Amino acid sequence: MSLLFVAAIVTGCAATNSGDLITQAKVEGIKINATTFDEMVRDFGPPRSQHVNSQGLRTATWFYFNNSEFGAVQDQRTLTVVYNKNLTVKEYMNASAGEKDAKTVR
């Protein structure tokens, strides 16, 4: 029984992450009016949220975070993409916690 308790403690304290890693190299591969929604899903995994605005344009957001063993966020990244009606990238915003180079590309 104590072995199960130790395993539960170790699992609960392990570093956790969510989402696929959003790397600068992957983001630099996004091409305005060329990269498709399906290509984004292939490269970044399924988006964590999506919605369609009143003009019929889809916005998809990808999140990645990595928590330390004590639950503090060590790394947080967000990629938000607005698509044209033909589902090619219209613009995107790449933001990472603590990074000075968060930017919007149009």
# chains A, B, ... in the order shown; residues from 1 in each chain; ligands from 1
$ residues_around --residues "A:Leu57" --least-positions-apart "4" --cutoff "12 Å" --atoms "only C-alpha atoms" --output "list in words"
Phe37, Gln50, His51, Val52, Asn53, Val81, Val82, Tyr83, Asn84, Lys85, Asn86, Leu87, Thr88, Val89, Lys90 and Glu91 of chain A
$ write_last_selection --atoms "C-alpha atoms" --output "CSV table (one decimal), in the first residue's frame"
chain,number,residue,atom,x,y,z
A,37,PHE,CA,-5.9,25.6,-41.0
A,50,GLN,CA,-11.9,28.4,-31.8
A,51,HIS,CA,-14.6,30.9,-32.7
A,52,VAL,CA,-16.1,32.5,-35.8
A,53,ASN,CA,-16.6,36.3,-35.8
A,81,VAL,CA,-4.4,32.9,-35.7
A,82,VAL,CA,-7.2,34.6,-37.7
A,83,TYR,CA,-8.1,32.9,-40.9
A,84,ASN,CA,-9.4,34.2,-44.2
A,85,LYS,CA,-12.7,32.7,-45.4
A,86,ASN,CA,-10.7,30.1,-47.5
A,87,LEU,CA,-9.0,29.0,-44.2
A,88,THR,CA,-5.6,30.4,-45.0
A,89,VAL,CA,-3.8,32.4,-42.3
A,90,LYS,CA,-4.8,36.1,-42.5
A,91,GLU,CA,-2.8,37.2,-39.4
$ atom_distance --atom1 "atom CA of A:Gly56" --atom2 "atom CA of A:Met93"
19.1 Å
$ closest_residue --among "A:Ser49, A:Asn33, A:Gln24, A:Thr78" --to "A:Ala95" --atoms "only C-alpha atoms"
A:Thr78
